[in-house]
file run16.txt (compact mmCIF, C-alpha atoms and all ligand atoms)
# COMPACT_ATOMS: atom_id res chain seq x y z
CA MET E 1 0.00 0.00 0.00
CA LYS E 2 1.15 3.57 -0.70
CA ASP E 3 2.79 5.33 2.20
CA TYR E 4 2.36 8.74 0.62
CA PHE E 5 -0.76 10.56 1.71
CA PRO E 6 -1.89 14.12 1.09
CA GLU E 7 -2.82 16.61 3.79
CA ILE E 8 -6.38 17.89 4.12
CA LEU E 9 -6.22 21.69 4.00
CA ALA E 10 -9.30 23.46 5.33
CA PRO E 11 -10.45 27.08 5.13
CA ALA E 12 -10.55 29.14 8.34
CA GLY E 13 -12.27 32.52 7.97
CA ASN E 14 -11.75 33.34 11.64
CA LEU E 15 -10.12 31.98 14.80
CA GLU E 16 -13.15 29.95 15.87
CA LYS E 17 -13.39 28.29 12.44
CA LEU E 18 -9.66 27.48 12.63
CA LYS E 19 -10.22 25.63 15.91
CA VAL E 20 -13.27 23.83 14.51
CA ALA E 21 -11.40 22.71 11.36
CA VAL E 22 -8.38 21.45 13.33
CA LEU E 23 -10.51 19.60 15.91
CA TYR E 24 -12.50 17.95 13.12
CA GLY E 25 -9.33 16.58 11.55
CA ALA E 26 -7.83 19.10 9.11
CA ASN E 27 -4.04 18.65 8.82
CA ALA E 28 -3.61 22.29 7.86
CA VAL E 29 -5.70 25.47 7.58
CA TYR E 30 -5.34 28.61 5.51
CA VAL E 31 -6.20 31.96 7.01
CA GLY E 32 -6.07 35.65 6.11
CA GLY E 33 -4.70 38.57 8.07
CA GLN E 34 -6.43 41.96 7.99
CA LYS E 35 -4.59 42.90 4.78
CA PHE E 36 -3.19 41.33 1.61
CA GLY E 37 -5.59 38.33 1.46
CA LEU E 38 -8.31 37.85 -1.11
CA ARG E 39 -11.36 37.67 1.13
CA THR E 40 -12.13 41.11 2.49
CA ALA E 41 -15.59 39.85 3.52
CA ALA E 42 -14.19 37.02 5.70
CA ASP E 43 -13.72 38.06 9.35
CA ASN E 44 -9.93 37.69 8.94
CA PHE E 45 -7.42 37.48 11.77
CA THR E 46 -5.94 40.22 13.95
CA LEU E 47 -2.26 39.76 14.82
CA ASP E 48 -3.19 38.38 18.26
CA GLU E 49 -5.64 35.94 16.69
CA LEU E 50 -3.00 34.79 14.22
CA ARG E 51 -0.60 34.12 17.09
CA GLU E 52 -3.27 32.18 19.04
CA GLY E 53 -4.37 30.26 15.93
CA VAL E 54 -0.82 29.11 15.12
CA LEU E 55 -0.28 27.99 18.72
CA PHE E 56 -3.60 26.11 18.79
CA ALA E 57 -2.87 24.36 15.48
CA HIS E 58 0.75 23.50 16.30
CA GLU E 59 -0.24 21.98 19.66
CA ARG E 60 -2.40 19.59 17.62
CA GLN E 61 0.22 18.91 14.89
CA ALA E 62 -1.68 20.99 12.31
CA LYS E 63 -0.14 23.65 10.06
CA VAL E 64 -1.21 27.23 9.35
CA TYR E 65 -0.75 28.92 5.97
CA VAL E 66 -1.36 32.66 5.65
CA VAL E 67 -2.73 34.11 2.42
CA LEU E 68 -1.01 37.12 0.88
CA ASN E 69 -2.56 36.56 -2.51
CA SER E 70 -3.93 39.97 -3.38
CA PHE E 71 -2.30 41.74 -6.36
CA LEU E 72 -0.50 44.68 -4.79
CA HIS E 73 0.49 48.20 -5.81
CA ASP E 74 3.82 49.70 -4.70
CA LYS E 75 2.36 51.41 -1.64
CA ASP E 76 0.90 48.06 -0.45
CA LEU E 77 4.20 46.28 -1.08
CA SER E 78 6.02 48.61 1.28
CA GLU E 79 3.84 47.34 4.16
CA ILE E 80 4.75 43.69 3.56
CA PRO E 81 8.13 43.47 5.41
CA GLU E 82 6.69 44.28 8.85
CA PHE E 83 3.92 41.69 8.42
CA ILE E 84 6.38 39.04 7.20
CA GLU E 85 8.60 39.65 10.21
CA PHE E 86 5.59 39.03 12.45
CA LEU E 87 4.62 35.83 10.57
CA SER E 88 8.19 34.62 10.91
CA GLU E 89 8.17 35.28 14.63
CA ILE E 90 4.94 33.32 15.24
CA LYS E 91 6.24 30.49 13.02
CA VAL E 92 3.51 30.19 10.40
CA ASP E 93 4.11 27.21 8.15
CA ALA E 94 3.80 28.96 4.78
CA VAL E 95 2.51 32.04 3.02
CA ILE E 96 0.29 31.78 -0.06
CA VAL E 97 1.28 34.35 -2.67
CA SER E 98 0.33 35.17 -6.26
CA ASP E 99 1.97 38.48 -7.18
CA LEU E 100 5.54 38.20 -8.52
CA GLY E 101 6.61 41.28 -6.56
CA VAL E 102 5.29 39.76 -3.34
CA VAL E 103 7.07 36.46 -4.06
CA LYS E 104 10.35 38.33 -4.58
CA THR E 105 9.88 40.46 -1.47
CA VAL E 106 8.91 37.52 0.75
CA ALA E 107 11.76 35.33 -0.57
CA SER E 108 14.27 38.09 0.16
CA LEU E 109 13.05 38.57 3.73
CA THR E 110 12.35 35.16 5.18
CA SER E 111 12.70 31.42 4.95
CA ILE E 112 8.95 30.86 5.46
CA PRO E 113 7.94 28.44 2.67
CA ILE E 114 6.16 30.16 -0.22
CA HIS E 115 3.12 28.54 -1.82
CA ILE E 116 2.00 29.98 -5.15
CA SER E 117 -1.70 30.76 -5.03
CA THR E 118 -4.20 29.35 -7.50
CA GLN E 119 -4.66 33.02 -8.52
CA ALA E 120 -1.43 32.62 -10.50
CA SER E 121 -3.21 29.97 -12.64
CA THR E 122 -0.24 27.61 -12.90
CA LEU E 123 -1.22 24.93 -15.42
CA ASN E 124 2.03 23.49 -16.78
CA VAL E 125 5.48 22.12 -15.92
CA GLU E 126 7.43 25.14 -17.23
CA ALA E 127 5.39 27.60 -15.14
CA ALA E 128 5.94 25.39 -12.10
CA LYS E 129 9.72 25.32 -12.77
CA PHE E 130 9.65 29.12 -13.05
CA TRP E 131 7.97 29.52 -9.65
CA LYS E 132 10.35 27.00 -8.10
CA ALA E 133 13.32 29.03 -9.35
CA ALA E 134 11.69 32.15 -7.88
CA GLY E 135 11.71 30.52 -4.45
CA ALA E 136 8.37 28.69 -4.20
CA SER E 137 8.15 25.33 -2.45
CA ARG E 138 4.57 24.49 -3.50
CA ILE E 139 2.13 25.39 -6.26
CA VAL E 140 -1.60 25.57 -5.73
CA LEU E 141 -2.51 24.53 -9.25
CA GLY E 142 -5.23 26.13 -11.35
CA ARG E 143 -8.57 24.33 -11.11
CA GLU E 144 -8.31 23.55 -14.83
CA VAL E 145 -5.52 20.98 -14.22
CA SER E 146 -6.51 17.29 -13.99
CA VAL E 147 -5.20 15.08 -11.19
CA LYS E 148 -3.09 13.17 -13.73
CA ASP E 149 -1.50 16.35 -15.09
CA ALA E 150 -0.91 17.58 -11.55
CA GLY E 151 1.08 14.40 -10.84
CA LYS E 152 3.15 15.04 -13.98
CA ILE E 153 3.81 18.67 -12.96
CA LYS E 154 4.95 17.49 -9.54
CA ARG E 155 7.30 14.83 -10.92
CA GLU E 156 8.82 16.92 -13.71
CA ALA E 157 9.13 20.23 -11.86
CA GLN E 158 10.10 18.49 -8.61
CA ILE E 159 7.84 20.70 -6.52
CA GLU E 160 4.96 20.10 -4.11
CA VAL E 161 1.50 20.48 -5.64
CA GLU E 162 -1.81 21.35 -4.04
CA MET E 163 -5.23 20.91 -5.66
CA PHE E 164 -8.75 21.96 -4.81
CA ILE E 165 -10.89 18.94 -3.90
CA HIS E 166 -14.05 20.67 -2.74
CA GLY E 167 -15.98 23.92 -2.83
CA SER E 168 -17.24 26.75 -4.99
CA MET E 169 -15.67 27.30 -8.37
CA CYS E 170 -14.56 30.43 -10.19
CA MET E 171 -16.00 30.60 -13.69
CA ALA E 172 -12.81 32.28 -14.97
CA TYR E 173 -9.21 31.15 -14.56
CA SER E 174 -9.23 31.83 -10.80
CA GLY E 175 -9.81 35.52 -10.27
CA ASN E 176 -8.74 36.53 -13.78
CA CYS E 177 -12.06 38.21 -14.23
CA VAL E 178 -13.50 41.68 -13.85
CA ILE E 179 -17.25 40.95 -13.87
CA SER E 180 -17.42 41.79 -10.19
CA ASN E 181 -15.50 45.05 -10.75
CA PHE E 182 -17.91 46.18 -13.44
CA THR E 183 -21.21 44.93 -12.02
CA GLN E 184 -20.60 45.62 -8.30
CA GLY E 185 -17.60 47.95 -8.19
CA ARG E 186 -15.72 45.28 -6.24
CA ASP E 187 -12.26 44.17 -7.37
CA SER E 188 -11.90 40.35 -7.58
CA ASN E 189 -8.13 40.57 -7.50
CA ARG E 190 -7.97 42.78 -4.43
CA GLY E 191 -10.26 40.76 -2.18
CA GLY E 192 -13.65 42.07 -3.18
CA CYS E 193 -15.14 39.48 -5.57
CA ALA E 194 -18.93 39.62 -5.25
CA HIS E 195 -19.29 36.24 -7.03
CA SER E 196 -21.19 37.98 -9.79
CA CYS E 197 -20.80 34.92 -12.01
CA ARG E 198 -23.17 33.04 -9.68
CA PHE E 199 -26.06 35.50 -10.13
CA GLU E 200 -29.06 34.86 -12.31
CA TYR E 201 -28.82 36.82 -15.58
CA SER E 202 -31.27 37.57 -18.30
CA LEU E 203 -30.40 36.63 -21.86
CA ASP E 204 -31.90 39.23 -24.18
CA PHE E 205 -32.16 38.16 -27.81
CA GLY E 206 -33.41 41.57 -28.85
CA ILE E 207 -36.66 41.46 -30.74
CA ASP E 208 -39.32 41.25 -28.02
CA THR E 209 -39.37 40.64 -24.28
CA MET E 210 -40.89 37.15 -24.69
CA GLU E 211 -37.46 36.04 -25.86
CA LYS E 212 -35.74 37.01 -22.63
CA LYS E 213 -34.59 33.99 -20.69
CA LYS E 214 -33.32 34.02 -17.11
CA ALA E 215 -30.50 31.65 -16.29
CA PHE E 216 -27.39 31.07 -14.19
CA PHE E 217 -25.46 30.57 -17.40
CA MET E 218 -22.06 31.75 -16.03
CA SER E 219 -22.32 29.81 -12.80
CA SER E 220 -20.50 26.57 -12.01
CA LYS E 221 -21.70 23.72 -9.82
CA ASP E 222 -19.61 23.11 -6.70
CA LEU E 223 -16.53 20.92 -6.85
CA GLU E 224 -16.58 17.56 -5.03
CA GLY E 225 -13.71 15.07 -5.38
CA LEU E 226 -14.43 12.57 -2.60
CA ARG E 227 -14.87 9.57 -4.91
CA ILE E 228 -11.55 10.19 -6.62
CA LEU E 229 -9.50 10.46 -3.45
CA PRO E 230 -7.58 7.30 -4.58
CA GLU E 231 -6.48 9.13 -7.78
CA PHE E 232 -5.04 12.02 -5.74
CA ILE E 233 -3.18 9.49 -3.59
CA SER E 234 -1.91 7.54 -6.58
CA GLU E 235 -0.52 10.74 -8.19
CA GLU E 236 1.03 11.73 -4.83
CA ILE E 237 -0.68 15.12 -4.68
CA ASP E 238 0.68 16.82 -1.57
CA SER E 239 -2.29 18.79 -0.36
CA LEU E 240 -6.07 18.67 -0.94
CA LYS E 241 -7.66 22.02 -0.46
CA ILE E 242 -11.22 22.78 0.57
CA GLU E 243 -12.47 26.15 -0.70
CA GLY E 244 -14.53 28.49 1.49
CA ARG E 245 -13.00 30.91 4.01
CA MET E 246 -16.28 32.82 4.02
CA LYS E 247 -18.40 29.74 4.66
CA SER E 248 -19.92 28.62 7.95
CA HIS E 249 -18.49 26.84 10.99
CA LEU E 250 -20.64 23.84 10.08
CA TYR E 251 -19.07 23.80 6.62
CA ALA E 252 -15.51 24.02 8.03
CA GLY E 253 -16.22 21.23 10.55
CA THR E 254 -18.12 18.91 8.21
CA MET E 255 -15.64 19.18 5.33
CA SER E 256 -12.61 18.67 7.60
CA LYS E 257 -14.27 15.65 9.19
CA VAL E 258 -15.50 13.97 5.99
CA TYR E 259 -12.29 14.32 4.00
CA SER E 260 -9.94 13.46 6.86
CA GLU E 261 -12.04 10.42 7.84
CA ALA E 262 -12.20 9.22 4.24
CA LEU E 263 -8.45 9.64 3.89
CA SER E 264 -7.71 7.79 7.15
CA PHE E 265 -10.06 4.97 6.12
CA TYR E 266 -8.29 4.62 2.78
CA ARG E 267 -4.90 4.76 4.47
CA GLU E 268 -5.91 1.91 6.78
CA HIS E 269 -7.81 -0.31 4.33
CA GLY E 270 -6.46 0.61 0.87
CA HIS E 271 -10.00 0.89 -0.53
CA PHE E 272 -13.45 2.41 0.07
CA LEU E 273 -16.53 0.32 0.60
CA SER E 274 -19.59 1.72 -1.15
CA GLU E 275 -21.52 2.09 2.11
CA ASP E 276 -18.71 4.23 3.58
CA LEU E 277 -18.72 6.44 0.52
CA LEU E 278 -22.48 6.81 0.71
CA SER E 279 -22.34 7.84 4.35
CA TRP E 280 -19.62 10.46 3.70
CA GLU E 281 -21.53 11.72 0.67
CA SER E 282 -24.67 12.07 2.73
CA GLU E 283 -22.68 14.23 5.17
CA LEU E 284 -21.57 16.43 2.25
CA GLN E 285 -25.27 16.90 1.40
CA LYS E 286 -25.89 18.35 4.85
CA VAL E 287 -24.12 21.62 4.20
CA SER E 288 -25.39 24.35 1.94
CA HIS E 289 -24.14 23.73 -1.60
CA ARG E 290 -25.08 23.66 -5.25
CA SER E 291 -25.18 20.42 -7.21
CA TYR E 292 -21.75 18.82 -7.22
CA THR E 293 -19.36 18.29 -10.13
CA GLN E 294 -15.86 16.82 -10.49
CA ALA E 295 -15.18 19.79 -12.82
CA SER E 296 -11.81 19.19 -14.55
CA LEU E 297 -10.30 16.77 -12.03
CA ILE E 298 -10.51 13.83 -14.45
CA ASN E 299 -11.62 15.29 -17.83
CA PRO E 300 -12.00 18.95 -18.84
CA ALA E 301 -15.23 20.38 -17.39
CA GLY E 302 -18.14 20.26 -19.82
CA ALA E 303 -21.64 21.70 -20.03
CA ASP E 304 -22.77 19.36 -17.24
CA SER E 305 -20.69 21.36 -14.76
CA ILE E 306 -22.81 24.51 -15.31
CA PHE E 307 -25.27 25.22 -12.54
CA ASN E 308 -28.68 25.88 -14.03
CA GLU E 309 -31.09 25.22 -11.24
CA ARG E 310 -32.32 27.61 -8.58
CA GLU E 311 -30.00 27.81 -5.60
CA ASN E 312 -30.94 26.22 -2.28
CA SER E 313 -33.32 23.79 -3.97
CA SER E 314 -32.23 21.08 -1.52
CA ASP E 315 -34.89 19.98 0.97
CA SER E 316 -32.36 18.49 3.38
CA GLU E 317 -30.27 21.41 4.46
CA TRP E 318 -28.95 21.55 8.00
CA GLN E 319 -28.00 24.56 10.06
CA MET E 320 -25.76 24.93 13.07
CA VAL E 321 -27.86 25.55 16.17
CA GLY E 322 -25.03 25.60 18.70
CA LYS E 323 -21.56 24.78 19.91
CA VAL E 324 -20.79 22.60 22.95
CA LEU E 325 -18.98 24.64 25.62
CA GLU E 326 -18.86 21.92 28.27
CA ALA E 327 -19.95 18.30 28.47
CA SER E 328 -19.71 16.02 31.50
CA PRO E 329 -22.07 13.92 33.62
CA LYS E 330 -21.73 16.63 36.30
CA THR E 331 -22.44 19.75 34.19
CA GLY E 332 -24.59 18.16 31.47
CA ILE E 333 -24.15 19.60 27.97
CA VAL E 334 -23.68 23.36 28.05
CA LEU E 335 -24.52 24.77 24.67
CA GLU E 336 -23.88 28.19 23.18
CA VAL E 337 -26.95 28.71 20.98
CA ARG E 338 -26.36 30.05 17.46
CA ASN E 339 -29.82 29.47 15.95
CA ALA E 340 -33.04 28.94 17.89
CA PHE E 341 -34.53 25.46 18.39
CA ASN E 342 -37.48 24.20 20.41
CA GLN E 343 -38.01 21.76 23.25
CA GLY E 344 -38.81 18.40 21.63
CA ASP E 345 -36.80 19.09 18.44
CA SER E 346 -34.44 16.47 17.03
CA ILE E 347 -30.88 17.73 16.88
CA GLU E 348 -27.52 16.12 16.02
CA ILE E 349 -24.12 16.56 17.59
CA LEU E 350 -21.37 16.28 15.00
CA SER E 351 -18.79 13.92 16.56
CA PHE E 352 -15.11 14.56 15.91
CA ARG E 353 -14.88 10.98 14.57
CA GLY E 354 -17.61 8.57 13.48
CA LYS E 355 -21.37 8.94 13.33
CA ALA E 356 -23.22 12.02 14.55
CA ILE E 357 -25.06 11.67 17.88
CA SER E 358 -28.83 12.19 17.46
CA ILE E 359 -30.80 13.43 20.43
CA THR E 360 -34.28 14.80 21.09
CA ALA E 361 -34.15 17.97 23.16
CA HIS E 362 -36.82 16.90 25.65
CA GLU E 363 -35.26 18.76 28.54
CA ILE E 364 -33.71 22.20 28.02
CA THR E 365 -32.87 24.61 30.85
CA ASP E 366 -31.04 27.90 31.13
CA ILE E 367 -27.88 27.98 33.25
CA MET E 368 -29.97 28.82 36.34
CA MET E 369 -31.81 25.54 35.63
CA LYS E 370 -35.07 27.25 34.64
CA PRO E 371 -36.93 25.30 31.91
CA VAL E 372 -36.64 26.67 28.36
CA THR E 373 -39.20 25.87 25.65
CA ARG E 374 -37.51 27.79 22.82
CA THR E 375 -33.82 28.69 22.84
CA ARG E 376 -32.52 32.09 21.73
CA PRO E 377 -29.34 32.80 19.74
CA SER E 378 -26.35 34.01 21.79
CA THR E 379 -27.62 32.46 25.04
CA LEU E 380 -26.38 29.46 27.01
CA VAL E 381 -28.61 26.46 27.63
CA LYS E 382 -28.13 23.04 29.22
CA LEU E 383 -29.18 19.62 28.00
CA PRO E 384 -28.78 16.30 29.86
CA PHE E 385 -25.36 14.69 29.31
CA VAL E 386 -24.99 12.14 26.52
CA SER E 387 -21.91 9.94 26.31
CA GLY E 388 -19.57 10.83 23.42
CA VAL E 389 -20.37 14.55 23.45
CA GLU E 390 -17.29 16.77 23.86
CA LYS E 391 -16.39 20.42 24.17
CA TRP E 392 -16.22 22.29 20.81
CA GLN E 393 -18.48 19.86 18.94
CA LEU E 394 -21.04 21.49 16.67
CA VAL E 395 -24.76 20.91 16.98
CA ARG E 396 -26.96 20.92 13.88
CA GLN E 397 -30.62 20.65 13.00
CA GLN E 398 -32.37 19.88 9.74
CA VAL E 399 -34.25 22.83 8.31
CA LEU E 400 -36.93 21.97 5.81
CA ALA E 401 -37.09 24.17 2.73
S1 LIG F 501 -17.06 36.86 -10.29
FE1 LIG F 501 -16.96 34.63 -10.47
S2 LIG F 501 -15.57 34.27 -12.19
FE2 LIG F 501 -15.24 36.37 -11.50
S3 LIG F 501 -13.55 36.22 -10.01
FE3 LIG F 501 -15.47 36.13 -8.87
S4 LIG F 501 -15.88 33.90 -8.64
FE4 LIG F 501 -14.37 34.15 -10.30

call {"tool": "encode", "arguments": {"input": "run16.txt", "output": "structure tokens"}}
result
Amino acid sequence: MKDYFPEILAPAGNLEKLKVAVLYGANAVYVGGQKFGLRTAADNFTLDELREGVLFAHERQAKVYVVLNSFLHDKDLSEIPEFIEFLSEIKVDAVIVSDLGVVKTVASLTSIPIHISTQASTLNVEAAKFWKAAGASRIVLGREVSVKDAGKIKREAQIEVEMFIHGSMCMAYSGNCVISNFTQGRDSNRGGCAHSCRFEYSLDFGIDTMEKKKAFFMSSKDLEGLRILPEFISEEIDSLKIEGRMKSHLYAGTMSKVYSEALSFYREHGHFLSEDLLSWESELQKVSHRSYTQASLINPAGADSIFNERENSSDSEWQMVGKVLEASPKTGIVLEVRNAFNQGDSIEILSFRGKAISITAHEITDIMMKPVTRTRPSTLVKLPFVSGVEKWQLVRQQVLA
């Protein structure tokens, strides 16, 4: 059996999501500081939060990569050295960069490994060799590259490669698009992409209004590569990336859990059984998503990867209703409520490993032990203890459409 296994790299839009992703099994997380990253709408990390996040991850043998993948002007570039010095001091495991000037500046200042962002759209061996010569240790390949070609790039350029395995897609070569700039005044390459390609547009054929047709014709389905995990392993892809720094805690936890469990299972058994795959796939259905596609992971994406249904058509979506703050026979389960639920509702606690724990919330009290019939967001409530429930686990509930 192969002894080469990729890492599962999860998105962490804030410190709490970082902790969730690591506890649910991610081997590494990628995060953004307050500047230079491409997700201005994510909460992003203050310097203190970055320090705490790195410590938390390292104590659990997980790595932290910091994104610096915005395209910068000269005045922005001059602010980089101070930030790099800080990242060096807190021992981040890599920075993710796309701008040539930033690569040069970072390489001249530090020995922190440099990963080339997917924004650079690296698709071939020669480009990978170029980035290696510029000081990069890993390339996050463009989403247009197949797993087979990624293996070839790795072998011939002798550099680590990272590929997206799950999440939303960019309709353009990642970020090389200005639809958002022109329709929303938000710059995709400076952290402001409004995902304009995912909106519904009207096709106007001219002659009369009857010929107008509304469609999501520029919008891609979401990527999902669970079934082809063995191909990634066989090509010795170094890192499997889950998109979505702006997505929910439940997304960060569920994705980290599903992909790391599937990987561990394959590592142990050398195969997947169909019932295991079905149970992981059913977990992937429980987070908000569009229909799934393998996009270009095996063959170039075709018309079947275009999303042309209404969003949120799923009738089995789940939402996070809370996070476990304490759990013991003495204290019961102390829950921080995120979304309201009622006495008598069925809820599930997402275990760190294995099946979720289903319970019916027959008995809910506040922390003064007064009965509660409907919980309120941002309050603490108690439920009777159930074996297997641990601090930091997420609690979810099915919401019918
Ligand atoms: S609008 Fe869509 S295609 Fe353009 S950069 Fe954003 S996600 Fe990519």

call {"tool": "closest_residue", "arguments": {"input": "run16.txt", "among": "E:Thr105, E:Ser274, E:Ser305, E:Gln184", "to": "ligand LIG 501 (chain F)", "atoms": "all atoms listed in the file"}}
result
E:Gln184

call {"tool": "residues_near_ligand", "arguments": {"input": "run16.txt", "ligand": "ligand LIG 501 (chain F)", "cutoff": "12 Å", "atoms": "all atoms listed in the file", "output": "PyMOL selection string"}}
result
chain E and resi 38-39+118-119+143+167-199+216-222+243-244

call {"tool": "closest_residue", "arguments": {"input": "run16.txt", "among": "E:Ile139, E:Ala128, E:Leu18, E:Val29", "to": "Ile116 of chain E", "atoms": "all atoms listed in the file"}}
result
E:Ile139

call {"tool": "atom_distance", "arguments": {"input": "run16.txt", "atom1": "atom CA of Arg245 of chain E", "atom2": "atom CA of Val147 of chain E"}}
result
23.3 Å

call {"tool": "atom_distance", "arguments": {"input": "run16.txt", "atom1": "atom CA of Asp149 of chain E", "atom2": "atom CA of Leu9 of chain E"}}
result
20.4 Å

call {"tool": "closest_residue", "arguments": {"input": "run16.txt", "among": "E:Ser328, E:Ser108, E:Ser88, E:Gln158", "to": "Arg51 of chain E", "atoms": "only C-alpha atoms"}}
result
E:Ser88

call {"tool": "closest_residue", "arguments": {"input": "run16.txt", "among": "E:Met163, E:Ala28, E:Val92, E:Val103", "to": "Thr122 of chain E", "atoms": "all atoms listed in the file"}}
result
E:Met163

call {"tool": "residues_around", "arguments": {"input": "run16.txt", "residues": "Thr46 of chain E", "least_positions_apart": "6", "cutoff": "12 Å", "atoms": "only C-alpha atoms", "output": "PyMOL selection string"}}
result
chain E and resi 13-15+31-35+52-53+83+86-87

call {"tool": "residues_around", "arguments": {"input": "run16.txt", "residues": "Val22 of chain E", "least_positions_apart": "4", "cutoff": "7 Å", "atoms": "all atoms listed in the file", "output": "PDB file with C-alpha atoms, in the coordinates of the input"}}
result
ATOM      1  CA  LEU E  18      -9.660  27.480  12.630  1.00  0.00           C
ATOM      2  CA  ALA E  26      -7.830  19.100   9.110  1.00  0.00           C
ATOM      3  CA  ASN E  27      -4.040  18.650   8.820  1.00  0.00           C
ATOM      4  CA  ALA E  57      -2.870  24.360  15.480  1.00  0.00           C
ATOM      5  CA  ALA E  62      -1.680  20.990  12.310  1.00  0.00           C
TER       6      ALA E  62
END

call {"tool": "closest_residue", "arguments": {"input": "run16.txt", "among": "E:Val161, E:Leu277, E:Met246, E:Ala134", "to": "Glu261 of chain E", "atoms": "only C-alpha atoms"}}
result
E:Leu277

call {"tool": "closest_residue", "arguments": {"input": "run16.txt", "among": "E:Ala12, E:Leu325, E:Ala340, E:Ile242", "to": "Val372 of chain E", "atoms": "only C-alpha atoms"}}
result
E:Ala340

call {"tool": "residues_around", "arguments": {"input": "run16.txt", "residues": "Gly302 of chain E", "least_positions_apart": "4", "cutoff": "12 Å", "atoms": "all atoms listed in the file", "output": "PDB file with C-alpha atoms, in the coordinates of the input"}}
result
ATOM      1  CA  GLU E 144      -8.310  23.550 -14.830  1.00  0.00           C
ATOM      2  CA  SER E 220     -20.500  26.570 -12.010  1.00  0.00           C
ATOM      3  CA  LYS E 221     -21.700  23.720  -9.820  1.00  0.00           C
ATOM      4  CA  THR E 293     -19.360  18.290 -10.130  1.00  0.00           C
ATOM      5  CA  GLN E 294     -15.860  16.820 -10.490  1.00  0.00           C
ATOM      6  CA  ALA E 295     -15.180  19.790 -12.820  1.00  0.00           C
ATOM      7  CA  SER E 296     -11.810  19.190 -14.550  1.00  0.00           C
ATOM      8  CA  LEU E 297     -10.300  16.770 -12.030  1.00  0.00           C
ATOM      9  CA  ILE E 298     -10.510  13.830 -14.450  1.00  0.00           C
ATOM     10  CA  ILE E 306     -22.810  24.510 -15.310  1.00  0.00           C
ATOM     11  CA  PHE E 307     -25.270  25.220 -12.540  1.00  0.00           C
TER      12      PHE E 307
END

call {"tool": "residues_around", "arguments": {"input": "run16.txt", "residues": "Leu278 of chain E", "least_positions_apart": "5", "cutoff": "12 Å", "atoms": "all atoms listed in the file", "output": "list in words"}}
result
Leu226, Arg227, Val258, Ala262, Phe272, Leu273, Glu283, Leu284 and Gln285 of chain E

call {"tool": "atom_distance", "arguments": {"input": "run16.txt", "atom1": "atom CA of Ala150 of chain E", "atom2": "atom CA of Glu231 of chain E"}}
result
10.8 Å

call {"tool": "residues_around", "arguments": {"input": "run16.txt", "residues": "Lys214 of chain E", "least_positions_apart": "4", "cutoff": "8 Å", "atoms": "all atoms listed in the file", "output": "MDAnalysis selection string"}}
result
chainID E and resid 200:203

call {"tool": "write_last_selection", "arguments": {"input": "run16.txt", "atoms": "C-alpha atoms", "output": "tab-separated table (two decimals), in the coordinates of the input"}}
result
chain	number	residue	atom	x	y	z
E	200	GLU	CA	-29.06	34.86	-12.31
E	201	TYR	CA	-28.82	36.82	-15.58
E	202	SER	CA	-31.27	37.57	-18.30
E	203	LEU	CA	-30.40	36.63	-21.86

call {"tool": "closest_atom_pairs", "arguments": {"input": "run16.txt", "of": "segment 8-58 of chain E", "to": "segment 247-253 of chain E", "cutoff": "6 Å", "atoms": "all atoms listed in the file", "output": "JSON lines"}}
result
{"residue": "E:Lys17", "atom": "CA", "partner": "E:His249", "partner_atom": "CA", "distance": 5.5}
{"residue": "E:Val20", "atom": "CA", "partner": "E:Gly253", "partner_atom": "CA", "distance": 5.6}
{"residue": "E:Ala21", "atom": "CA", "partner": "E:Gly253", "partner_atom": "CA", "distance": 5.1}
{"residue": "E:Tyr24", "atom": "CA", "partner": "E:Gly253", "partner_atom": "CA", "distance": 5.6}
